[in-house]
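Visitor: mmCIF, C-alpha atoms, file my_file.cif:
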data_upload
#
loop_
_atom_site.label_atom_id
_atom_site.label_comp_id
_atom_site.auth_asym_id
_atom_site.auth_seq_id
_atom_site.Cartn_x
_atom_site.Cartn_y
_atom_site.Cartn_z
CA MET A 859 1.53 0.53 -35.25
CA THR A 860 0.09 1.80 -31.96
CA PRO A 861 0.45 -0.87 -29.24
CA ILE A 862 -2.78 -2.06 -27.69
CA ILE A 863 -1.32 -1.56 -24.18
CA GLU A 864 1.41 0.89 -23.26
CA THR A 865 2.66 2.18 -19.93
CA ILE A 866 5.13 5.05 -19.67
CA ASP A 867 7.15 5.70 -16.49
CA LEU A 868 4.31 4.16 -14.48
CA VAL A 869 4.53 4.73 -10.71
CA LYS A 870 2.09 3.60 -8.02
CA GLU A 871 2.54 4.50 -4.38
CA TYR A 872 0.35 3.86 -1.35
CA PRO A 873 0.50 6.19 1.67
CA GLN A 874 2.07 4.92 4.88
CA ALA A 875 2.80 6.57 8.23
CA ASP A 876 6.46 7.32 7.52
CA GLU A 877 6.95 7.31 3.74
CA PRO A 878 4.89 6.09 0.76
CA LEU A 879 5.14 2.45 -0.26
CA ARG A 880 6.19 2.35 -3.92
CA VAL A 881 4.61 -0.72 -5.54
CA LEU A 882 5.37 0.14 -9.19
CA ASN A 883 8.57 1.99 -10.06
CA ASN A 884 8.81 3.58 -13.54
CA VAL A 885 7.35 0.63 -15.45
CA ASN A 886 7.59 0.96 -19.24
CA LEU A 887 5.72 -1.76 -21.12
CA ARG A 888 4.41 -2.22 -24.67
CA VAL A 889 2.02 -5.01 -25.62
CA GLU A 890 1.17 -5.47 -29.30
CA HIS A 891 -2.18 -6.46 -30.76
CA GLY A 892 -2.81 -10.20 -30.46
CA GLU A 893 0.04 -10.91 -28.03
CA PHE A 894 -0.31 -13.74 -25.52
CA MET A 895 2.04 -12.64 -22.75
CA ALA A 896 2.74 -13.39 -19.11
CA ILE A 897 3.84 -11.24 -16.16
CA MET A 898 5.73 -13.16 -13.48
CA GLY A 899 7.35 -12.26 -10.19
CA PRO A 900 7.38 -13.07 -6.48
CA SER A 901 4.54 -12.06 -4.16
CA GLY A 902 4.61 -8.31 -3.61
CA SER A 903 6.46 -7.59 -6.87
CA GLY A 904 3.58 -5.47 -8.22
CA LYS A 905 2.04 -7.90 -10.73
CA SER A 906 -1.60 -7.48 -9.73
CA THR A 907 -1.14 -3.73 -9.23
CA LEU A 908 0.19 -3.45 -12.79
CA LEU A 909 -2.80 -5.43 -14.07
CA ASN A 910 -5.17 -3.12 -12.16
CA MET A 911 -3.50 -0.06 -13.74
CA ILE A 912 -3.78 -1.51 -17.25
CA GLY A 913 -7.40 -2.47 -16.56
CA ALA A 914 -8.35 1.04 -15.35
CA LEU A 915 -9.33 -0.37 -11.95
CA ASP A 916 -6.87 1.95 -10.20
CA LYS A 917 -5.08 5.18 -11.08
CA PRO A 918 -1.31 5.67 -11.14
CA THR A 919 0.52 8.05 -8.85
CA SER A 920 2.40 9.26 -11.92
CA GLY A 921 3.09 8.11 -15.46
CA LYS A 922 0.72 7.11 -18.23
CA VAL A 923 -1.38 4.13 -19.29
CA TYR A 924 -2.66 3.91 -22.86
CA ILE A 925 -5.22 1.41 -24.16
CA ASN A 926 -5.50 1.40 -27.96
CA GLY A 927 -3.80 4.80 -27.97
CA VAL A 928 -6.21 6.34 -25.45
CA ASP A 929 -4.58 8.05 -22.46
CA LEU A 930 -6.59 6.77 -19.48
CA SER A 931 -5.77 9.86 -17.43
CA THR A 932 -7.87 11.97 -19.83
CA LEU A 933 -11.06 9.98 -19.16
CA SER A 934 -13.75 10.68 -16.56
CA ASP A 935 -14.83 7.96 -14.14
CA ASN A 936 -17.88 7.23 -16.35
CA GLN A 937 -15.69 7.02 -19.45
CA LEU A 938 -13.28 4.68 -17.65
CA ALA A 939 -16.18 2.44 -16.63
CA ASP A 940 -17.39 2.40 -20.23
CA LEU A 941 -13.90 1.54 -21.51
CA ARG A 942 -13.60 -1.32 -19.00
CA ASN A 943 -16.94 -2.73 -20.10
CA ARG A 944 -16.22 -2.46 -23.85
CA GLU A 945 -12.48 -2.91 -24.29
CA ILE A 946 -11.27 -5.04 -21.38
CA GLY A 947 -12.26 -8.48 -20.11
CA PHE A 948 -11.16 -9.62 -16.64
CA ILE A 949 -10.62 -13.25 -15.61
CA PHE A 950 -9.74 -13.92 -11.96
CA GLN A 951 -8.40 -16.84 -9.92
CA PHE A 952 -11.55 -17.19 -7.81
CA PHE A 953 -14.00 -16.82 -10.75
CA ASN A 954 -16.04 -14.02 -9.04
CA LEU A 955 -19.34 -15.49 -10.19
CA ILE A 956 -22.67 -14.54 -8.62
CA HIS A 957 -23.81 -17.74 -6.94
CA ARG A 958 -27.56 -17.12 -7.02
CA MET A 959 -27.45 -16.69 -10.82
CA SER A 960 -27.14 -19.38 -13.49
CA ALA A 961 -24.15 -19.57 -15.81
CA LEU A 962 -26.28 -17.84 -18.45
CA GLY A 963 -27.22 -15.05 -16.03
CA ASN A 964 -23.60 -14.50 -15.05
CA VAL A 965 -22.51 -14.19 -18.67
CA GLU A 966 -25.38 -11.81 -19.46
CA LEU A 967 -24.39 -9.39 -16.69
CA PRO A 968 -21.85 -7.19 -18.57
CA MET A 969 -24.38 -6.79 -21.40
CA ALA A 970 -27.07 -5.76 -18.93
CA ILE A 971 -24.69 -3.09 -17.61
CA ALA A 972 -24.10 -1.98 -21.23
CA GLY A 973 -27.86 -1.66 -21.80
CA VAL A 974 -28.25 -4.54 -24.28
CA ALA A 975 -31.88 -5.72 -24.69
CA ARG A 976 -32.82 -8.88 -22.80
CA GLY A 977 -33.51 -11.03 -25.87
CA GLU A 978 -30.19 -10.18 -27.49
CA ARG A 979 -28.38 -10.76 -24.17
CA ARG A 980 -29.80 -14.27 -23.88
CA GLU A 981 -28.94 -15.16 -27.45
CA ARG A 982 -25.37 -13.86 -27.29
CA ALA A 983 -24.68 -15.38 -23.86
CA ALA A 984 -25.93 -18.79 -25.02
CA LYS A 985 -23.65 -18.64 -28.10
CA VAL A 986 -20.57 -17.77 -26.06
CA LEU A 987 -21.31 -20.52 -23.50
CA GLU A 988 -21.58 -22.95 -26.43
CA MET A 989 -18.20 -21.71 -27.66
CA VAL A 990 -16.53 -22.43 -24.29
CA GLY A 991 -18.07 -25.91 -24.20
CA LEU A 992 -20.87 -25.28 -21.70
CA GLY A 993 -23.91 -25.34 -23.96
CA ASP A 994 -25.49 -28.08 -21.86
CA ARG A 995 -24.65 -26.42 -18.50
CA MET A 996 -25.88 -22.87 -18.99
CA ASP A 997 -28.85 -23.23 -16.61
CA HIS A 998 -26.63 -24.53 -13.79
CA LYS A 999 -25.57 -22.32 -10.89
CA PRO A 1000 -21.86 -22.05 -9.97
CA SER A 1001 -22.27 -24.46 -7.03
CA GLU A 1002 -23.39 -27.11 -9.54
CA LEU A 1003 -20.29 -26.68 -11.72
CA SER A 1004 -16.70 -27.93 -11.37
CA GLY A 1005 -13.82 -25.47 -10.93
CA GLY A 1006 -12.88 -25.75 -14.59
CA GLU A 1007 -16.48 -25.18 -15.66
CA GLN A 1008 -16.76 -22.13 -13.38
CA GLN A 1009 -13.60 -20.70 -14.94
CA ARG A 1010 -15.08 -21.26 -18.40
CA VAL A 1011 -18.18 -19.33 -17.32
CA ALA A 1012 -15.86 -16.54 -16.13
CA ILE A 1013 -14.06 -16.62 -19.51
CA ALA A 1014 -17.41 -16.44 -21.35
CA ARG A 1015 -18.41 -13.46 -19.21
CA ALA A 1016 -15.10 -11.75 -20.01
CA LEU A 1017 -15.62 -12.33 -23.74
CA ILE A 1018 -19.28 -11.35 -24.00
CA ASN A 1019 -18.76 -7.69 -24.99
CA ASP A 1020 -16.02 -8.69 -27.47
CA PRO A 1021 -13.13 -6.88 -25.70
CA SER A 1022 -9.79 -6.45 -27.43
CA VAL A 1023 -7.79 -7.01 -24.20
CA LEU A 1024 -8.18 -9.79 -21.65
CA LEU A 1025 -6.43 -9.47 -18.29
CA CYS A 1026 -5.99 -12.71 -16.36
CA ASP A 1027 -4.95 -12.80 -12.71
CA GLU A 1028 -3.76 -16.31 -11.70
CA VAL A 1029 -6.46 -17.95 -13.85
CA THR A 1030 -5.14 -21.45 -13.14
CA GLY A 1031 -4.34 -20.85 -9.46
CA ASN A 1032 -7.52 -22.50 -8.21
CA LEU A 1033 -7.47 -25.44 -10.65
CA ASP A 1034 -5.69 -28.79 -10.83
CA SER A 1035 -2.83 -28.98 -13.33
CA LYS A 1036 -4.80 -30.87 -16.03
CA THR A 1037 -7.74 -28.45 -15.93
CA GLY A 1038 -5.36 -25.49 -15.77
CA ASP A 1039 -3.55 -26.71 -18.88
CA GLU A 1040 -6.88 -27.05 -20.72
CA ILE A 1041 -7.82 -23.47 -19.77
CA ILE A 1042 -4.48 -22.05 -20.96
CA ARG A 1043 -4.72 -23.94 -24.26
CA PHE A 1044 -8.24 -22.60 -24.74
CA LEU A 1045 -7.13 -19.01 -24.03
CA ARG A 1046 -4.24 -19.36 -26.48
CA SER A 1047 -6.65 -20.59 -29.15
CA LEU A 1048 -8.75 -17.44 -28.62
CA SER A 1049 -5.64 -15.33 -29.10
CA GLN A 1050 -4.66 -17.14 -32.28
CA GLU A 1051 -8.12 -17.46 -33.84
CA GLN A 1052 -9.73 -14.17 -32.79
CA GLY A 1053 -6.70 -11.92 -32.37
CA LYS A 1054 -7.43 -11.25 -28.70
CA THR A 1055 -4.61 -9.76 -26.61
CA PHE A 1056 -3.90 -11.53 -23.31
CA ALA A 1057 -1.85 -10.39 -20.32
CA LEU A 1058 -1.62 -13.18 -17.73
CA VAL A 1059 -0.29 -12.63 -14.23
CA THR A 1060 0.99 -15.95 -12.92
CA HIS A 1061 3.23 -17.62 -10.35
CA ASP A 1062 3.29 -20.81 -12.44
CA PRO A 1063 6.36 -21.28 -14.69
CA VAL A 1064 4.42 -23.86 -16.74
CA VAL A 1065 1.79 -21.22 -17.58
CA ALA A 1066 4.51 -18.65 -18.33
CA GLN A 1067 6.23 -21.06 -20.74
CA SER A 1068 2.93 -21.42 -22.63
CA THR A 1069 2.91 -17.74 -23.63
CA ASP A 1070 4.65 -15.74 -26.37
CA ARG A 1071 6.56 -13.37 -24.10
CA LEU A 1072 7.46 -13.31 -20.43
CA ILE A 1073 7.89 -10.10 -18.42
CA GLN A 1074 9.57 -10.51 -15.03
CA LEU A 1075 8.79 -8.04 -12.23
CA HIS A 1076 10.71 -7.56 -9.00
CA ASP A 1077 10.16 -4.81 -6.44
CA GLY A 1078 7.87 -2.97 -8.84
CA MET A 1079 10.35 -2.90 -11.73
CA ILE A 1080 10.71 -4.89 -14.93
CA VAL A 1081 13.93 -6.85 -14.42
CA GLY A 1082 13.72 -9.27 -17.32
CA GLU A 1083 11.94 -10.01 -20.57
CA LYS A 1084 12.19 -12.86 -23.02
CA GLN A 1085 10.41 -14.32 -26.01
CA VAL A 1086 9.08 -17.77 -25.18
CA TRP A 1087 7.52 -18.89 -28.45
#
Written as C-alpha coordinates, how would this file's structure read?

Guide:
Amino acid sequence: MTPIIETIDLVKEYPQADEPLRVLNNVNLRVEHGEFMAIMGPSGSGKSTLLNMIGALDKPTSGKVYINGVDLSTLSDNQLADLRNREIGFIFQFFNLIHRMSALGNVELPMAIAGVARGERRERAAKVLEMVGLGDRMDHKPSELSGGEQQRVAIARALINDPSVLLCDEVTGNLDSKTGDEIIRFLRSLSQEQGKTFALVTHDPVVAQSTDRLIQLHDGMIVGEKQVW
(Lines of atoms letter the chains of each structure in order from A and count residues from 1; the text may use other names and numbers.)
(Lines give C-alpha, C1' and ligand atoms only; values in the text may rest on other atoms or scores of the structure.)
Protein backbone atom coordinates (compact mmCIF):
# COMPACT_ATOMS: atom_id res chain seq x y z
CA MET A 1 0.00 0.00 0.00
CA THR A 2 1.27 3.49 -0.85
CA PRO A 3 2.36 5.32 2.33
CA ILE A 4 0.52 8.54 3.06
CA ILE A 5 3.85 10.35 3.63
CA GLU A 6 7.17 9.39 2.08
CA THR A 7 10.47 11.22 1.80
CA ILE A 8 13.33 9.92 -0.34
CA ASP A 9 16.92 11.14 0.13
CA LEU A 10 15.55 14.45 1.39
CA VAL A 11 18.13 17.26 1.66
CA LYS A 12 17.57 20.85 2.75
CA GLU A 13 20.35 23.42 2.73
CA TYR A 14 20.34 27.13 3.47
CA PRO A 15 22.94 29.43 1.91
CA GLN A 16 25.64 30.91 4.11
CA ALA A 17 28.68 33.09 3.38
CA ASP A 18 31.21 30.25 3.33
CA GLU A 19 29.31 27.01 2.68
CA PRO A 20 25.64 25.96 2.78
CA LEU A 21 24.12 24.94 6.10
CA ARG A 22 22.70 21.43 5.68
CA VAL A 23 19.64 21.10 7.93
CA LEU A 24 18.29 17.81 6.53
CA ASN A 25 20.70 15.16 5.30
CA ASN A 26 19.28 12.34 3.13
CA VAL A 27 16.17 11.71 5.22
CA ASN A 28 14.19 8.63 4.19
CA LEU A 29 10.86 8.29 5.99
CA ARG A 30 7.64 6.34 5.42
CA VAL A 31 4.45 7.06 7.36
CA GLU A 32 1.49 4.73 6.86
CA HIS A 33 -2.18 5.69 6.77
CA GLY A 34 -3.59 6.23 10.26
CA GLU A 35 -0.23 6.31 12.06
CA PHE A 36 0.16 8.42 15.19
CA MET A 37 3.89 9.12 15.23
CA ALA A 38 6.37 11.49 16.84
CA ILE A 39 9.58 13.13 15.63
CA MET A 40 12.02 13.98 18.43
CA GLY A 41 15.45 15.53 18.59
CA PRO A 42 17.44 18.38 20.13
CA SER A 43 17.01 21.99 19.02
CA GLY A 44 18.52 22.45 15.57
CA SER A 45 18.16 18.77 14.62
CA GLY A 46 15.85 19.57 11.69
CA LYS A 47 12.48 18.55 13.15
CA SER A 48 10.49 21.63 12.16
CA THR A 49 12.25 21.80 8.79
CA LEU A 50 11.20 18.21 8.09
CA LEU A 51 7.62 19.06 9.05
CA ASN A 52 7.69 22.07 6.72
CA MET A 53 8.90 19.86 3.85
CA ILE A 54 6.17 17.29 4.45
CA GLY A 55 3.60 20.07 4.71
CA ALA A 56 4.66 21.68 1.40
CA LEU A 57 5.54 24.91 3.22
CA ASP A 58 9.10 24.77 1.91
CA LYS A 59 10.88 23.03 -0.96
CA PRO A 60 13.80 20.61 -0.61
CA THR A 61 17.24 21.29 -2.01
CA SER A 62 17.17 17.75 -3.38
CA GLY A 63 15.23 14.54 -2.85
CA LYS A 64 11.51 13.87 -2.98
CA VAL A 65 8.43 14.30 -0.81
CA TYR A 66 5.28 12.33 -1.61
CA ILE A 67 1.85 12.89 -0.06
CA ASN A 68 -0.63 10.11 -0.89
CA GLY A 69 1.65 9.10 -3.76
CA VAL A 70 1.82 12.61 -5.25
CA ASP A 71 5.33 13.94 -5.91
CA LEU A 72 5.22 17.49 -4.52
CA SER A 73 7.98 18.63 -6.87
CA THR A 74 5.62 18.14 -9.84
CA LEU A 75 3.05 20.62 -8.50
CA SER A 76 2.80 24.34 -9.23
CA ASP A 77 2.62 26.86 -6.38
CA ASN A 78 -1.18 27.04 -6.81
CA GLN A 79 -1.46 23.25 -6.76
CA LEU A 80 0.71 23.08 -3.63
CA ALA A 81 -1.51 25.66 -1.92
CA ASP A 82 -4.58 23.62 -2.89
CA LEU A 83 -2.99 20.41 -1.56
CA ARG A 84 -2.13 22.11 1.75
CA ASN A 85 -5.70 23.33 2.13
CA ARG A 86 -7.32 19.97 1.27
CA GLU A 87 -4.92 17.26 2.44
CA ILE A 88 -2.93 18.72 5.33
CA GLY A 89 -3.94 20.25 8.65
CA PHE A 90 -1.39 22.23 10.69
CA ILE A 91 -1.46 22.62 14.48
CA PHE A 92 1.17 24.89 16.06
CA GLN A 93 2.51 25.57 19.55
CA PHE A 94 1.32 29.18 19.62
CA PHE A 95 -2.15 28.44 18.13
CA ASN A 96 -1.81 31.12 15.36
CA LEU A 97 -5.40 32.27 15.80
CA ILE A 98 -6.66 35.61 14.48
CA HIS A 99 -7.46 37.57 17.62
CA ARG A 100 -10.12 39.88 16.19
CA MET A 101 -12.17 36.87 15.03
CA SER A 102 -14.34 34.54 17.12
CA ALA A 103 -13.55 30.85 17.49
CA LEU A 104 -16.20 30.19 14.83
CA GLY A 105 -14.61 32.71 12.46
CA ASN A 106 -11.17 31.21 12.93
CA VAL A 107 -12.43 27.71 12.14
CA GLU A 108 -14.32 28.96 9.07
CA LEU A 109 -11.21 30.53 7.55
CA PRO A 110 -9.78 27.52 5.63
CA MET A 111 -13.23 26.92 4.11
CA ALA A 112 -13.46 30.56 3.04
CA ILE A 113 -10.10 30.13 1.28
CA ALA A 114 -11.48 26.98 -0.39
CA GLY A 115 -14.53 28.91 -1.63
CA VAL A 116 -17.16 27.17 0.53
CA ALA A 117 -20.46 29.11 0.76
CA ARG A 118 -20.98 31.11 3.96
CA GLY A 119 -23.97 29.11 5.24
CA GLU A 120 -22.20 25.79 4.82
CA ARG A 121 -19.05 27.21 6.45
CA ARG A 122 -20.99 28.26 9.54
CA GLU A 123 -22.74 24.93 9.86
CA ARG A 124 -19.60 22.83 9.43
CA ALA A 125 -17.49 25.02 11.74
CA ALA A 126 -20.14 24.84 14.47
CA LYS A 127 -20.23 21.02 14.20
CA VAL A 128 -16.45 20.68 14.47
CA LEU A 129 -16.31 23.08 17.45
CA GLU A 130 -18.98 20.93 19.12
CA MET A 131 -16.83 17.86 18.42
CA VAL A 132 -13.79 19.41 20.16
CA GLY A 133 -15.92 20.38 23.16
CA LEU A 134 -16.33 24.10 22.45
CA GLY A 135 -19.96 24.25 21.38
CA ASP A 136 -20.70 26.82 24.08
CA ARG A 137 -17.57 28.94 23.37
CA MET A 138 -17.73 29.41 19.60
CA ASP A 139 -18.63 33.12 19.78
CA HIS A 140 -15.68 33.88 22.08
CA LYS A 141 -12.50 35.51 20.80
CA PRO A 142 -9.11 33.89 21.55
CA SER A 143 -8.39 36.39 24.36
CA GLU A 144 -11.51 35.09 26.13
CA LEU A 145 -10.36 31.45 25.96
CA SER A 146 -7.86 29.44 28.00
CA GLY A 147 -4.71 28.02 26.39
CA GLY A 148 -6.28 24.58 26.12
CA GLU A 149 -9.43 26.03 24.56
CA GLN A 150 -7.36 28.03 22.05
CA GLN A 151 -5.51 24.86 21.07
CA ARG A 152 -8.85 23.10 20.57
CA VAL A 153 -9.93 25.93 18.27
CA ALA A 154 -6.66 25.45 16.35
CA ILE A 155 -7.36 21.70 16.14
CA ALA A 156 -10.89 22.37 14.86
CA ARG A 157 -9.48 24.73 12.23
CA ALA A 158 -6.97 22.06 11.16
CA LEU A 159 -9.76 19.48 10.84
CA ILE A 160 -12.35 21.60 9.05
CA ASN A 161 -11.46 20.58 5.47
CA ASP A 162 -11.19 16.90 6.52
CA PRO A 163 -7.44 16.50 5.80
CA SER A 164 -5.85 13.06 5.76
CA VAL A 165 -2.61 14.29 7.40
CA LEU A 166 -2.21 16.47 10.49
CA LEU A 167 1.19 17.98 11.25
CA CYS A 168 1.70 19.14 14.83
CA ASP A 169 4.63 21.31 15.89
CA GLU A 170 5.06 21.27 19.70
CA VAL A 171 1.28 21.27 20.24
CA THR A 172 1.64 20.92 24.02
CA GLY A 173 4.61 23.28 24.36
CA ASN A 174 2.49 26.22 25.49
CA LEU A 175 0.19 24.24 27.82
CA ASP A 176 0.41 22.91 31.36
CA SER A 177 0.99 19.16 31.67
CA LYS A 178 -2.65 18.27 32.48
CA THR A 179 -4.06 20.24 29.54
CA GLY A 180 -1.30 18.93 27.28
CA ASP A 181 -2.17 15.35 28.21
CA GLU A 182 -5.85 16.01 27.43
CA ILE A 183 -4.92 17.41 24.00
CA ILE A 184 -2.71 14.41 23.14
CA ARG A 185 -5.42 11.96 24.22
CA PHE A 186 -7.93 13.84 22.06
CA LEU A 187 -5.61 13.77 19.02
CA ARG A 188 -5.02 10.04 19.49
CA SER A 189 -8.78 9.45 19.59
CA LEU A 190 -9.08 11.26 16.23
CA SER A 191 -6.42 8.97 14.81
CA GLN A 192 -8.13 5.85 16.11
CA GLU A 193 -11.73 6.80 15.33
CA GLN A 194 -11.32 8.69 12.05
CA GLY A 195 -8.13 7.16 10.66
CA LYS A 196 -6.29 10.49 10.60
CA THR A 197 -2.50 10.37 10.24
CA PHE A 198 -0.53 12.44 12.75
CA ALA A 199 3.12 13.50 12.72
CA LEU A 200 4.00 15.30 15.96
CA VAL A 201 7.24 17.20 16.44
CA THR A 202 7.98 17.34 20.16
CA HIS A 203 10.69 17.89 22.77
CA ASP A 204 8.53 16.17 25.40
CA PRO A 205 9.33 12.48 26.07
CA VAL A 206 5.89 12.05 27.68
CA VAL A 207 4.23 13.11 24.41
CA ALA A 208 6.57 10.87 22.41
CA GLN A 209 5.70 7.87 24.59
CA SER A 210 2.00 8.47 23.82
CA THR A 211 2.49 7.78 20.10
CA ASP A 212 2.75 4.59 18.02
CA ARG A 213 6.24 5.21 16.64
CA LEU A 214 9.11 7.49 17.54
CA ILE A 215 11.59 8.85 14.98
CA GLN A 216 14.74 10.42 16.43
CA LEU A 217 16.57 13.12 14.47
CA HIS A 218 20.07 14.43 15.10
CA ASP A 219 22.02 16.83 12.87
CA GLY A 220 19.42 16.45 10.13
CA MET A 221 19.57 12.64 10.01
CA ILE A 222 17.33 9.89 11.34
CA VAL A 223 19.45 8.22 14.02
CA GLY A 224 16.84 6.05 15.69
CA GLU A 225 13.36 4.63 15.34
CA LYS A 226 11.23 2.52 17.62
CA GLN A 227 7.68 1.28 18.00
CA VAL A 228 6.15 2.69 21.17
CA TRP A 229 2.71 1.11 21.23

Visitor: Starting from the shown file, work through the PyMOL selection byres ((chain A and resi 878-882) around 10) and note down what comes out as a ChimeraX atom specification.

Guide: /A:867-877,883-885,902-905,907-908,911,918-920,1075-1080

Visitor: Do a neighbour search on His1061 (chain A) at 10 Å with only C-alpha atoms, toss out local chain neighbours closer than 4 positions, and write the hits as a VMD selection string.

Guide: chain A and resid 896 to 901 905 1027 to 1028 1030 to 1031 1065 to 1066

Visitor: Could you spell out the hits of the PyMOL selection byres ((chain A and resi 989) around 12) on the shown file, as a list in words?

Guide: Arg982, Ala983, Ala984, Lys985, Val986, Leu987, Glu988, Val990, Gly991, Leu992, Gly993, Asp994, Met996, Arg1010, Val1011, Ile1013, Ala1014, Arg1015, Leu1017, Ile1018, Phe1044, Leu1045, Ser1047 and Leu1048 of chain A

Visitor: Please, what distance in Å, to one decimal, runs between CA of Met959 (chain A) and CA of Thr1055 (chain A)?

Guide: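 So the answer is 28.6 Å.
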
Visitor: Between CA of Val965 (chain A) and CA of Tyr924 (chain A), what is the distance in Å, rounded to a tenth?

Guide: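 Computed distance, CA of Val965 (chain A) to CA of Tyr924 (chain A), equals 27.2 Å.
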
Visitor: If you apply the PyMOL selection byres ((chain A and resi 948) around 9) to this file, what residues do you get, as an MDAnalysis selection string?

Guide: chainID A and resid 913 942 946:947 949:950 1012:1013 1015:1017 1023:1027

Visitor: In Å, how far is it from CA of Gly927 (chain A) to CA of Glu966 (chain A)?

Guide: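 Atom-to-atom, CA of Gly927 (chain A) and CA of Glu966 (chain A) are spaced 28.5 Å apart.
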
Visitor: Neighbours of Ile956 (chain A) within 12 Å (all atoms listed in the file; same-chain residues fewer than 2 positions away dropped), as a VMD selection string?

Guide: chain A and resid 952 to 954 958 to 967 998 to 1001 1008 1011 to 1012 1015

Visitor: Between A:Met859, A:Leu930, A:Leu1058, A:Ile866, which is the closest to Arg1046 (chain A) once you count all atoms listed in the file?

Guide: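 Ranked by minimum distance to Arg1046 (chain A), first place goes to A:Leu1058.
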
Visitor: Could you give me, as a list of chain:residue names, the residues that have an atom at most 9 Å away from the point (2.5, -9.7, -21.2) in the coordinates of the file, using all atoms listed in the file?

Guide: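 With a cut-off of 9 Å, the residues come to A:Leu887, A:Arg888, A:Val889, A:Glu893, A:Phe894, A:Met895, A:Ala896, A:Ile897, A:Thr1055, A:Phe1056, A:Ala1057, A:Leu1058, A:Val1059, A:Thr1069, A:Asp1070, A:Arg1071, A:Leu1072, A:Ile1073.
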
Visitor: Counting only C-alpha atoms, which of A:His957, A:Pro861, A:Ala914, A:Gln1052 gets nearest to Asn936 (chain A)?

Guide: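 Comparing A:His957, A:Pro861, A:Ala914, A:Gln1052 against Asn936 (chain A), the winner is A:Ala914.
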
Visitor: For the point (-7.1, -24.6, -15.5) in the file's frame, write as a PyMOL selection string all residues with an atom no more than 10 Å away, counting only C-alpha atoms.

Guide: chain A and resi 951+1005-1007+1009-1010+1028-1044+1065
